[in-house]
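Asker: Pasting in a structure now, in structure tokens, and then I'll have a few things to ask.
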Amino acid sequence: MTESEQGARTTLVELGARVRAWRARRGMTRKALAADSGLSERFLADVEGGKGNVSIYSLEAAARALNISILELLQDAPRPALVRVQGLLGRLDDGQLDQAYMLLGSTFGLGDSLGREQRIALIGLRGAGKTTLGAQLAAQRGLAFVELDREIEREAGTSMNEILLLHGQAGYRRYERRALLRIAEDHADGVVMTTGGSIVSERETFDLLQSRFYCVWLKASPEEHMSRVVAQGDMRPFHTTRGEDGEIAQGAMGEALDDLRRILASREALYARADAVVDTAARTARQSLKDLERAVPAPTTPN
Ligand SMILES: Nc1ncnc2c1ncn2[C@@H]1O[C@H](COP(=O)(O)OP(=O)(O)OP(=O)(O)O)[C@@H](O)[C@H]1O
Ligand SMILES: O=C(O)C1=C[C@@H](O)[C@@H](O)[C@H](O)C1
Ligand SMILES: [Mg+2]
């Protein structure tokens, strides 16, 4: 007998024992189980004796008649409490599952929230200084520095504009989710990551971000955000009217600033859910780097 044949034989014997045990627990005769499952008594006797192959269909029929899941028939020792928790988790949507995973992980000291304090994510509106300060913090700590938007593009194999064009917001969020999970996994020992300004607006994504990363909100005054963005020459996502020459039209700057204020106001409560806040207003980049160092958990010393 080959090793895999031997393994299958053991599985069938164990399965038979489990069917018998569950039947006894339920107080069902073999005849009753046959009637309820539509399987023959003879077949059930073979199953319980660990003989013959069992199809998924008949396993499902037996499990259903015993009022348990097929998994419980296959699991080593049925753990009623585990099955109860699985039943509860099965009723949650994906975002709630991420939350439950995080809660269970942090409550019992398990899971992916481990090492979270060494994975730093910078959040905030454009011009906050995420790239400038993030790269410097990473260099100081000898950690990798990644920009989530670039990682999303890598995940999708195309540019941000194309992702939105081809896959829409929902597709973009899917790639973002994958990128977040990959970065957290690839940098279990620590990383500094920047994020796009709108990441906080999608609850499931923000929950996922917070479950794996220590989030710092970099903020500035609306005027400073605006002047830093203007200096970089790219006004997204703030509304600006451009003239035929492509230049920002007269008076459009006020319009863009109003837009920025609206966006900031609508996100402020969300950004404030971060683990720490660093206000870069009226500070030099050098001063803000020091503020950021103080705001994040101390680096862990390697063993
Ligand atoms: N206190 C400060 N902290 C950080 N950056 C500052 C500060 N004061 C001025 N700056 C300047 O503001 C700009 C911030 O731009 P940066 O690209 O780092 O922002 P960002 O948050 O990454 O924006 P985006 O969302 O567009 O990627 C830089 O040119 C930086 O030199
Ligand atoms: O704050 C925002 O809504 C955005 C910020 C940029 O980083 C880009 O991600 C995009 O232009 C949207
Ligand atoms: Mg940036």
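Lettering and numbering for the structure tokens are positional, with chains as A, B, ... in the shown order, residues counted from 1 in each chain, and ligands counted from 1 in the shown order.
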Please produce, as a Markdown table, a per-residue contact table for chain A versus ligand 1 (criterion: any atom at most 7 Å away, only C-alpha atoms and all ligand atoms considered), showing the nearest atom pair and its distance in Å to one decimal, sorted by chain then residue number.
Answerer:
| residue | atom | partner | partner_atom_place_in_ligand_line | distance |
| --- | --- | --- | --- | --- |
| A:Gly124 | CA | ligand 1 | 21 (O) | 6.5 |
| A:Leu125 | CA | ligand 1 | 25 (O) | 5.7 |
| A:Arg126 | CA | ligand 1 | 25 (O) | 3.4 |
| A:Gly127 | CA | ligand 1 | 19 (O) | 3.6 |
| A:Ala128 | CA | ligand 1 | 21 (O) | 3.8 |
| A:Gly129 | CA | ligand 1 | 18 (O) | 3.3 |
| A:Lys130 | CA | ligand 1 | 21 (O) | 3.7 |
| A:Thr131 | CA | ligand 1 | 22 (O) | 3.7 |
| A:Thr132 | CA | ligand 1 | 18 (O) | 3.7 |
| A:Leu133 | CA | ligand 1 | 4 (C) | 5.9 |
| A:Gly196 | CA | ligand 1 | 25 (O) | 5.7 |
| A:Gly197 | CA | ligand 1 | 25 (O) | 5.8 |
| A:Arg228 | CA | ligand 1 | 12 (O) | 4.9 |
| A:Val229 | CA | ligand 1 | 26 (O) | 6.7 |
| A:Thr280 | CA | ligand 1 | 1 (N) | 4.2 |
| A:Ala281 | CA | ligand 1 | 1 (N) | 6.1 |
| A:Ala282 | CA | ligand 1 | 1 (N) | 6.6 |
| A:Arg283 | CA | ligand 1 | 1 (N) | 4.2 |
| A:Thr284 | CA | ligand 1 | 1 (N) | 4.0 |
| A:Ala285 | CA | ligand 1 | 2 (C) | 3.6 |
| A:Arg286 | CA | ligand 1 | 1 (N) | 6.9 |
| A:Gln287 | CA | ligand 1 | 1 (N) | 6.5 |
| A:Ser288 | CA | ligand 1 | 1 (N) | 4.9 |
Asker: Could you dump the residues just selected with N, CA and C atoms as a PDB file, in the first residue's frame?
Answerer:
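Final output, saved to result.pdb:
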ATOM      1  N   GLY A 124      -3.097  61.479   5.445  1.00  0.00           N
ATOM      2  CA  GLY A 124      -3.331  62.924   5.433  1.00  0.00           C
ATOM      3  C   GLY A 124      -3.497  63.425   4.016  1.00  0.00           C
ATOM      4  N   LEU A 125      -3.963  64.655   3.943  1.00  0.00           N
ATOM      5  CA  LEU A 125      -4.256  65.286   2.662  1.00  0.00           C
ATOM      6  C   LEU A 125      -2.966  65.562   1.875  1.00  0.00           C
ATOM      7  N   ARG A 126      -3.120  65.882   0.608  1.00  0.00           N
ATOM      8  CA  ARG A 126      -1.958  66.166  -0.230  1.00  0.00           C
ATOM      9  C   ARG A 126      -1.124  67.314   0.350  1.00  0.00           C
ATOM     10  N   GLY A 127       0.166  67.179   0.235  1.00  0.00           N
ATOM     11  CA  GLY A 127       1.064  68.230   0.723  1.00  0.00           C
ATOM     12  C   GLY A 127       1.314  68.170   2.220  1.00  0.00           C
ATOM     13  N   ALA A 128       0.824  67.116   2.863  1.00  0.00           N
ATOM     14  CA  ALA A 128       1.004  67.014   4.315  1.00  0.00           C
ATOM     15  C   ALA A 128       2.473  66.766   4.661  1.00  0.00           C
ATOM     16  N   GLY A 129       3.195  66.160   3.719  1.00  0.00           N
ATOM     17  CA  GLY A 129       4.604  65.836   3.987  1.00  0.00           C
ATOM     18  C   GLY A 129       4.802  64.333   4.155  1.00  0.00           C
ATOM     19  N   LYS A 130       3.849  63.543   3.714  1.00  0.00           N
ATOM     20  CA  LYS A 130       3.938  62.079   3.896  1.00  0.00           C
ATOM     21  C   LYS A 130       5.192  61.519   3.208  1.00  0.00           C
ATOM     22  N   THR A 131       5.400  61.914   1.949  1.00  0.00           N
ATOM     23  CA  THR A 131       6.550  61.398   1.201  1.00  0.00           C
ATOM     24  C   THR A 131       7.856  61.951   1.766  1.00  0.00           C
ATOM     25  N   THR A 132       7.879  63.270   1.964  1.00  0.00           N
ATOM     26  CA  THR A 132       9.108  63.920   2.458  1.00  0.00           C
ATOM     27  C   THR A 132       9.540  63.336   3.807  1.00  0.00           C
ATOM     28  N   LEU A 133       8.604  63.343   4.773  1.00  0.00           N
ATOM     29  CA  LEU A 133       8.974  62.907   6.126  1.00  0.00           C
ATOM     30  C   LEU A 133       9.079  61.378   6.210  1.00  0.00           C
ATOM     31  N   GLY A 196      -2.594  57.274  -0.087  1.00  0.00           N
ATOM     32  CA  GLY A 196      -3.306  58.331  -0.810  1.00  0.00           C
ATOM     33  C   GLY A 196      -4.268  59.024   0.149  1.00  0.00           C
ATOM     34  N   GLY A 197      -4.562  60.279  -0.125  1.00  0.00           N
ATOM     35  CA  GLY A 197      -5.382  61.068   0.792  1.00  0.00           C
ATOM     36  C   GLY A 197      -6.754  60.495   1.094  1.00  0.00           C
ATOM     37  N   ARG A 228       1.758  74.049  -0.667  1.00  0.00           N
ATOM     38  CA  ARG A 228       2.701  72.942  -0.935  1.00  0.00           C
ATOM     39  C   ARG A 228       2.288  72.191  -2.202  1.00  0.00           C
ATOM     40  N   VAL A 229       0.963  72.016  -2.381  1.00  0.00           N
ATOM     41  CA  VAL A 229       0.473  71.297  -3.565  1.00  0.00           C
ATOM     42  C   VAL A 229       0.731  72.129  -4.827  1.00  0.00           C
ATOM     43  N   THR A 280       1.998  69.738  11.153  1.00  0.00           N
ATOM     44  CA  THR A 280       3.189  70.307  10.505  1.00  0.00           C
ATOM     45  C   THR A 280       3.025  71.807  10.223  1.00  0.00           C
ATOM     46  N   ALA A 281       1.878  72.352  10.636  1.00  0.00           N
ATOM     47  CA  ALA A 281       1.610  73.770  10.352  1.00  0.00           C
ATOM     48  C   ALA A 281       2.657  74.645  11.027  1.00  0.00           C
ATOM     49  N   ALA A 282       3.159  75.599  10.267  1.00  0.00           N
ATOM     50  CA  ALA A 282       4.137  76.571  10.769  1.00  0.00           C
ATOM     51  C   ALA A 282       5.390  75.889  11.332  1.00  0.00           C
ATOM     52  N   ARG A 283       5.717  74.722  10.829  1.00  0.00           N
ATOM     53  CA  ARG A 283       6.927  74.004  11.244  1.00  0.00           C
ATOM     54  C   ARG A 283       7.775  73.781   9.998  1.00  0.00           C
ATOM     55  N   THR A 284       9.064  73.709  10.203  1.00  0.00           N
ATOM     56  CA  THR A 284       9.901  73.339   9.054  1.00  0.00           C
ATOM     57  C   THR A 284       9.859  71.816   8.929  1.00  0.00           C
ATOM     58  N   ALA A 285      10.260  71.316   7.750  1.00  0.00           N
ATOM     59  CA  ALA A 285      10.261  69.867   7.548  1.00  0.00           C
ATOM     60  C   ALA A 285      11.171  69.184   8.572  1.00  0.00           C
ATOM     61  N   ARG A 286      12.267  69.864   8.904  1.00  0.00           N
ATOM     62  CA  ARG A 286      13.215  69.322   9.888  1.00  0.00           C
ATOM     63  C   ARG A 286      12.571  69.175  11.262  1.00  0.00           C
ATOM     64  N   GLN A 287      11.826  70.228  11.653  1.00  0.00           N
ATOM     65  CA  GLN A 287      11.133  70.174  12.961  1.00  0.00           C
ATOM     66  C   GLN A 287      10.071  69.072  12.939  1.00  0.00           C
ATOM     67  N   SER A 288       9.342  68.982  11.814  1.00  0.00           N
ATOM     68  CA  SER A 288       8.272  67.991  11.735  1.00  0.00           C
ATOM     69  C   SER A 288       8.809  66.568  11.792  1.00  0.00           C
TER      70      SER A 288
END
Asker: Any chance you could list, as JSON, numbers by chain, the residues in range 39-147 of chain A that come up strand (DSSP E or B) when DSSP is run on the backbone?
Answerer: {"A": [119, 120, 121, 122, 123, 144, 145, 146, 147]}
Asker: Going by DSSP on the backbone, which residues of range 75-108 of chain A come out as alpha helix (DSSP H)? List them as a list in words.
Answerer: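 Output for range 75-108 of chain A, alpha helix (DSSP H) only: Pro80, Ala81, Leu82, Val83, Arg84, Val85, Gln86, Gly87, Leu88, Leu89, Asp94, Gly95, Gln96, Leu97, Asp98, Gln99, Ala100, Tyr101, Met102, Leu103, Leu104, Gly105, Ser106 and Thr107 of chain A.
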Asker: Residues of the last selection are to be written out with N, CA and C atoms, as a PDB file, in the first residue's frame.
Answerer:
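Heads up, here's the output in again_39.pdb:
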ATOM      1  N   PRO A  80     -17.329  22.224  19.994  1.00  0.00           N
ATOM      2  CA  PRO A  80     -18.585  22.964  19.846  1.00  0.00           C
ATOM      3  C   PRO A  80     -18.403  24.484  19.898  1.00  0.00           C
ATOM      4  N   ALA A  81     -17.472  24.932  20.755  1.00  0.00           N
ATOM      5  CA  ALA A  81     -17.281  26.382  20.887  1.00  0.00           C
ATOM      6  C   ALA A  81     -16.716  26.965  19.587  1.00  0.00           C
ATOM      7  N   LEU A  82     -15.807  26.218  18.957  1.00  0.00           N
ATOM      8  CA  LEU A  82     -15.200  26.672  17.703  1.00  0.00           C
ATOM      9  C   LEU A  82     -16.269  26.769  16.611  1.00  0.00           C
ATOM     10  N   VAL A  83     -17.131  25.771  16.584  1.00  0.00           N
ATOM     11  CA  VAL A  83     -18.184  25.753  15.571  1.00  0.00           C
ATOM     12  C   VAL A  83     -19.146  26.925  15.794  1.00  0.00           C
ATOM     13  N   ARG A  84     -19.415  27.229  17.055  1.00  0.00           N
ATOM     14  CA  ARG A  84     -20.298  28.373  17.364  1.00  0.00           C
ATOM     15  C   ARG A  84     -19.680  29.666  16.843  1.00  0.00           C
ATOM     16  N   VAL A  85     -18.362  29.841  17.072  1.00  0.00           N
ATOM     17  CA  VAL A  85     -17.678  31.062  16.614  1.00  0.00           C
ATOM     18  C   VAL A  85     -17.670  31.117  15.087  1.00  0.00           C
ATOM     19  N   GLN A  86     -17.406  29.981  14.449  1.00  0.00           N
ATOM     20  CA  GLN A  86     -17.401  29.942  12.973  1.00  0.00           C
ATOM     21  C   GLN A  86     -18.772  30.347  12.436  1.00  0.00           C
ATOM     22  N   GLY A  87     -19.816  29.867  13.092  1.00  0.00           N
ATOM     23  CA  GLY A  87     -21.184  30.175  12.664  1.00  0.00           C
ATOM     24  C   GLY A  87     -21.437  31.671  12.730  1.00  0.00           C
ATOM     25  N   LEU A  88     -20.939  32.279  13.809  1.00  0.00           N
ATOM     26  CA  LEU A  88     -21.129  33.720  14.014  1.00  0.00           C
ATOM     27  C   LEU A  88     -20.339  34.517  12.972  1.00  0.00           C
ATOM     28  N   LEU A  89     -19.081  34.125  12.762  1.00  0.00           N
ATOM     29  CA  LEU A  89     -18.229  34.846  11.816  1.00  0.00           C
ATOM     30  C   LEU A  89     -18.774  34.727  10.395  1.00  0.00           C
ATOM     31  N   ASP A  94     -17.135  41.147   4.630  1.00  0.00           N
ATOM     32  CA  ASP A  94     -15.675  41.124   4.601  1.00  0.00           C
ATOM     33  C   ASP A  94     -15.033  42.160   5.524  1.00  0.00           C
ATOM     34  N   GLY A  95     -15.635  43.363   5.549  1.00  0.00           N
ATOM     35  CA  GLY A  95     -15.082  44.425   6.388  1.00  0.00           C
ATOM     36  C   GLY A  95     -15.194  44.061   7.857  1.00  0.00           C
ATOM     37  N   GLN A  96     -16.364  43.520   8.234  1.00  0.00           N
ATOM     38  CA  GLN A  96     -16.565  43.130   9.631  1.00  0.00           C
ATOM     39  C   GLN A  96     -15.638  41.973  10.000  1.00  0.00           C
ATOM     40  N   LEU A  97     -15.356  41.098   9.026  1.00  0.00           N
ATOM     41  CA  LEU A  97     -14.436  39.984   9.304  1.00  0.00           C
ATOM     42  C   LEU A  97     -13.039  40.509   9.609  1.00  0.00           C
ATOM     43  N   ASP A  98     -12.613  41.545   8.838  1.00  0.00           N
ATOM     44  CA  ASP A  98     -11.299  42.144   9.105  1.00  0.00           C
ATOM     45  C   ASP A  98     -11.255  42.699  10.525  1.00  0.00           C
ATOM     46  N   GLN A  99     -12.368  43.359  10.912  1.00  0.00           N
ATOM     47  CA  GLN A  99     -12.444  43.945  12.258  1.00  0.00           C
ATOM     48  C   GLN A  99     -12.385  42.846  13.323  1.00  0.00           C
ATOM     49  N   ALA A 100     -13.168  41.781  13.098  1.00  0.00           N
ATOM     50  CA  ALA A 100     -13.208  40.678  14.055  1.00  0.00           C
ATOM     51  C   ALA A 100     -11.832  40.037  14.190  1.00  0.00           C
ATOM     52  N   TYR A 101     -11.140  39.903  13.060  1.00  0.00           N
ATOM     53  CA  TYR A 101      -9.804  39.304  13.038  1.00  0.00           C
ATOM     54  C   TYR A 101      -8.853  40.129  13.898  1.00  0.00           C
ATOM     55  N   MET A 102      -8.970  41.455  13.704  1.00  0.00           N
ATOM     56  CA  MET A 102      -8.095  42.370  14.442  1.00  0.00           C
ATOM     57  C   MET A 102      -8.404  42.324  15.943  1.00  0.00           C
ATOM     58  N   LEU A 103      -9.718  42.360  16.261  1.00  0.00           N
ATOM     59  CA  LEU A 103     -10.128  42.344  17.666  1.00  0.00           C
ATOM     60  C   LEU A 103      -9.670  41.064  18.359  1.00  0.00           C
ATOM     61  N   LEU A 104      -9.900  39.938  17.698  1.00  0.00           N
ATOM     62  CA  LEU A 104      -9.504  38.660  18.293  1.00  0.00           C
ATOM     63  C   LEU A 104      -7.992  38.611  18.447  1.00  0.00           C
ATOM     64  N   GLY A 105      -7.289  39.082  17.393  1.00  0.00           N
ATOM     65  CA  GLY A 105      -5.822  39.077  17.428  1.00  0.00           C
ATOM     66  C   GLY A 105      -5.285  39.913  18.577  1.00  0.00           C
ATOM     67  N   SER A 106      -5.847  41.141  18.722  1.00  0.00           N
ATOM     68  CA  SER A 106      -5.284  42.008  19.773  1.00  0.00           C
ATOM     69  C   SER A 106      -5.753  41.558  21.157  1.00  0.00           C
ATOM     70  N   THR A 107      -6.982  41.034  21.273  1.00  0.00           N
ATOM     71  CA  THR A 107      -7.469  40.590  22.582  1.00  0.00           C
ATOM     72  C   THR A 107      -6.658  39.403  23.098  1.00  0.00           C
TER      73      THR A 107
END
Asker: Name all residues at most 7 Å from range 175-188 of chain A (count only C-alpha atoms; drop same-chain ones fewer than 2 positions away) and give them as a ChimeraX atom specification.
Answerer: /A:115,151-152,155-156,171-173,190-191,205,209,212
Asker: Taking only C-alpha atoms and all ligand atoms into account, report as a PyMOL selection string which residues have an atom no farther than 12 Å from an atom of ligand 2.
Answerer: chain A and resi 122-131+147-150+152-153+159-161+164+169+172-173+176+194-202+225+229+234-239+259-264+266-268+271
Asker: Once you have the residues from the selection above, write them out as a PDB file, in the first residue's frame, restricted to C-alpha atoms.
Answerer:
ATOM      1  CA  LEU A 122       1.299  58.108   7.144  1.00  0.00           C
ATOM      2  CA  ILE A 123      -2.134  59.436   6.301  1.00  0.00           C
ATOM      3  CA  GLY A 124      -3.331  62.924   5.433  1.00  0.00           C
ATOM      4  CA  LEU A 125      -4.256  65.286   2.662  1.00  0.00           C
ATOM      5  CA  ARG A 126      -1.958  66.166  -0.230  1.00  0.00           C
ATOM      6  CA  GLY A 127       1.064  68.230   0.723  1.00  0.00           C
ATOM      7  CA  ALA A 128       1.004  67.014   4.315  1.00  0.00           C
ATOM      8  CA  GLY A 129       4.604  65.836   3.987  1.00  0.00           C
ATOM      9  CA  LYS A 130       3.938  62.079   3.896  1.00  0.00           C
ATOM     10  CA  THR A 131       6.550  61.398   1.201  1.00  0.00           C
ATOM     11  CA  GLU A 147       4.317  54.449  -1.292  1.00  0.00           C
ATOM     12  CA  LEU A 148       1.017  52.592  -1.308  1.00  0.00           C
ATOM     13  CA  ASP A 149      -0.156  54.191  -4.568  1.00  0.00           C
ATOM     14  CA  ARG A 150       2.923  52.802  -6.357  1.00  0.00           C
ATOM     15  CA  ILE A 152      -1.300  49.422  -5.992  1.00  0.00           C
ATOM     16  CA  GLU A 153      -0.034  50.138  -9.508  1.00  0.00           C
ATOM     17  CA  SER A 159      -1.120  53.181 -13.798  1.00  0.00           C
ATOM     18  CA  MET A 160      -3.556  54.692 -11.316  1.00  0.00           C
ATOM     19  CA  ASN A 161      -5.528  56.402 -14.108  1.00  0.00           C
ATOM     20  CA  LEU A 164      -9.765  53.708 -12.358  1.00  0.00           C
ATOM     21  CA  GLN A 169     -13.462  52.613  -7.698  1.00  0.00           C
ATOM     22  CA  TYR A 172      -9.117  50.189  -7.303  1.00  0.00           C
ATOM     23  CA  ARG A 173     -10.110  49.311  -3.740  1.00  0.00           C
ATOM     24  CA  GLU A 176      -5.466  48.518  -2.686  1.00  0.00           C
ATOM     25  CA  THR A 194       2.625  56.607   2.640  1.00  0.00           C
ATOM     26  CA  THR A 195      -1.020  56.414   1.560  1.00  0.00           C
ATOM     27  CA  GLY A 196      -3.306  58.331  -0.810  1.00  0.00           C
ATOM     28  CA  GLY A 197      -5.382  61.068   0.792  1.00  0.00           C
ATOM     29  CA  SER A 198      -8.707  59.304   0.306  1.00  0.00           C
ATOM     30  CA  ILE A 199      -7.808  56.007   1.986  1.00  0.00           C
ATOM     31  CA  VAL A 200      -9.776  56.928   5.118  1.00  0.00           C
ATOM     32  CA  SER A 201     -13.015  57.379   3.189  1.00  0.00           C
ATOM     33  CA  GLU A 202     -13.596  53.656   2.602  1.00  0.00           C
ATOM     34  CA  HIS A 225      -1.655  72.200   2.133  1.00  0.00           C
ATOM     35  CA  VAL A 229       0.473  71.297  -3.565  1.00  0.00           C
ATOM     36  CA  ASP A 234      -0.332  69.025  -9.623  1.00  0.00           C
ATOM     37  CA  MET A 235      -3.643  70.134  -8.122  1.00  0.00           C
ATOM     38  CA  ARG A 236      -5.414  66.772  -7.777  1.00  0.00           C
ATOM     39  CA  PRO A 237      -7.934  66.181  -6.260  1.00  0.00           C
ATOM     40  CA  PHE A 238      -8.842  69.822  -5.786  1.00  0.00           C
ATOM     41  CA  HIS A 239     -11.083  71.459  -8.313  1.00  0.00           C
ATOM     42  CA  ASP A 259     -12.641  72.616  -2.327  1.00  0.00           C
ATOM     43  CA  LEU A 260      -9.646  71.633  -0.204  1.00  0.00           C
ATOM     44  CA  ARG A 261     -11.365  73.016   2.918  1.00  0.00           C
ATOM     45  CA  ARG A 262     -14.499  70.997   2.137  1.00  0.00           C
ATOM     46  CA  ILE A 263     -12.509  67.813   1.588  1.00  0.00           C
ATOM     47  CA  LEU A 264     -10.483  68.348   4.755  1.00  0.00           C
ATOM     48  CA  SER A 266     -15.356  65.959   5.494  1.00  0.00           C
ATOM     49  CA  ARG A 267     -12.354  63.778   6.392  1.00  0.00           C
ATOM     50  CA  GLU A 268     -11.124  65.361   9.598  1.00  0.00           C
ATOM     51  CA  TYR A 271      -8.088  61.150   9.893  1.00  0.00           C
TER      52      TYR A 271
END
Asker: Quick one: residues within 9 Å of Ala61 in chain A, only C-alpha atoms, excluding same-chain residues fewer than 5 positions away - as a PyMOL selection string?
Answerer: chain A and resi 36-39+56+66+70
Asker: Would you mind reading off the distance between CA of Gly50 in chain A and CA of Arg64 in chain A, one decimal, in Å?
Answerer: 19.6 Å
Asker: Report, in Å with one decimal, the straight-line distance from CA of Arg91 in chain A to CA of Asn67 in chain A.
Answerer: 18.2 Å
Asker: Pick the closest to Val13 in chain A from A:Gly49, A:Gly157, A:Gly168, A:Gly90: which is it, counting only C-alpha atoms?
Answerer: A:Gly49
Asker: Using only C-alpha atoms and all ligand atoms, which of the listed residues (A:Leu12, A:Leu92, A:Leu110, A:Met193) sits closest to ligand 3?
Answerer: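 Counting only C-alpha atoms and all ligand atoms, the residue closest to ligand 3 is A:Met193.
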Asker: Would you compute the distance between CA of Glu72 in chain A and CA of Arg18 in chain A? Give it in Å to one decimal.
Answerer: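 The value is 8.9 Å.
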Asker: Nearest to ligand 3 among A:Tyr57, A:Phe43, A:Trp22, A:Phe145, with distances taken over only C-alpha atoms and all ligand atoms: which residue is it?
Answerer: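 Comparing A:Tyr57, A:Phe43, A:Trp22, A:Phe145 against ligand 3, the winner is A:Phe145.
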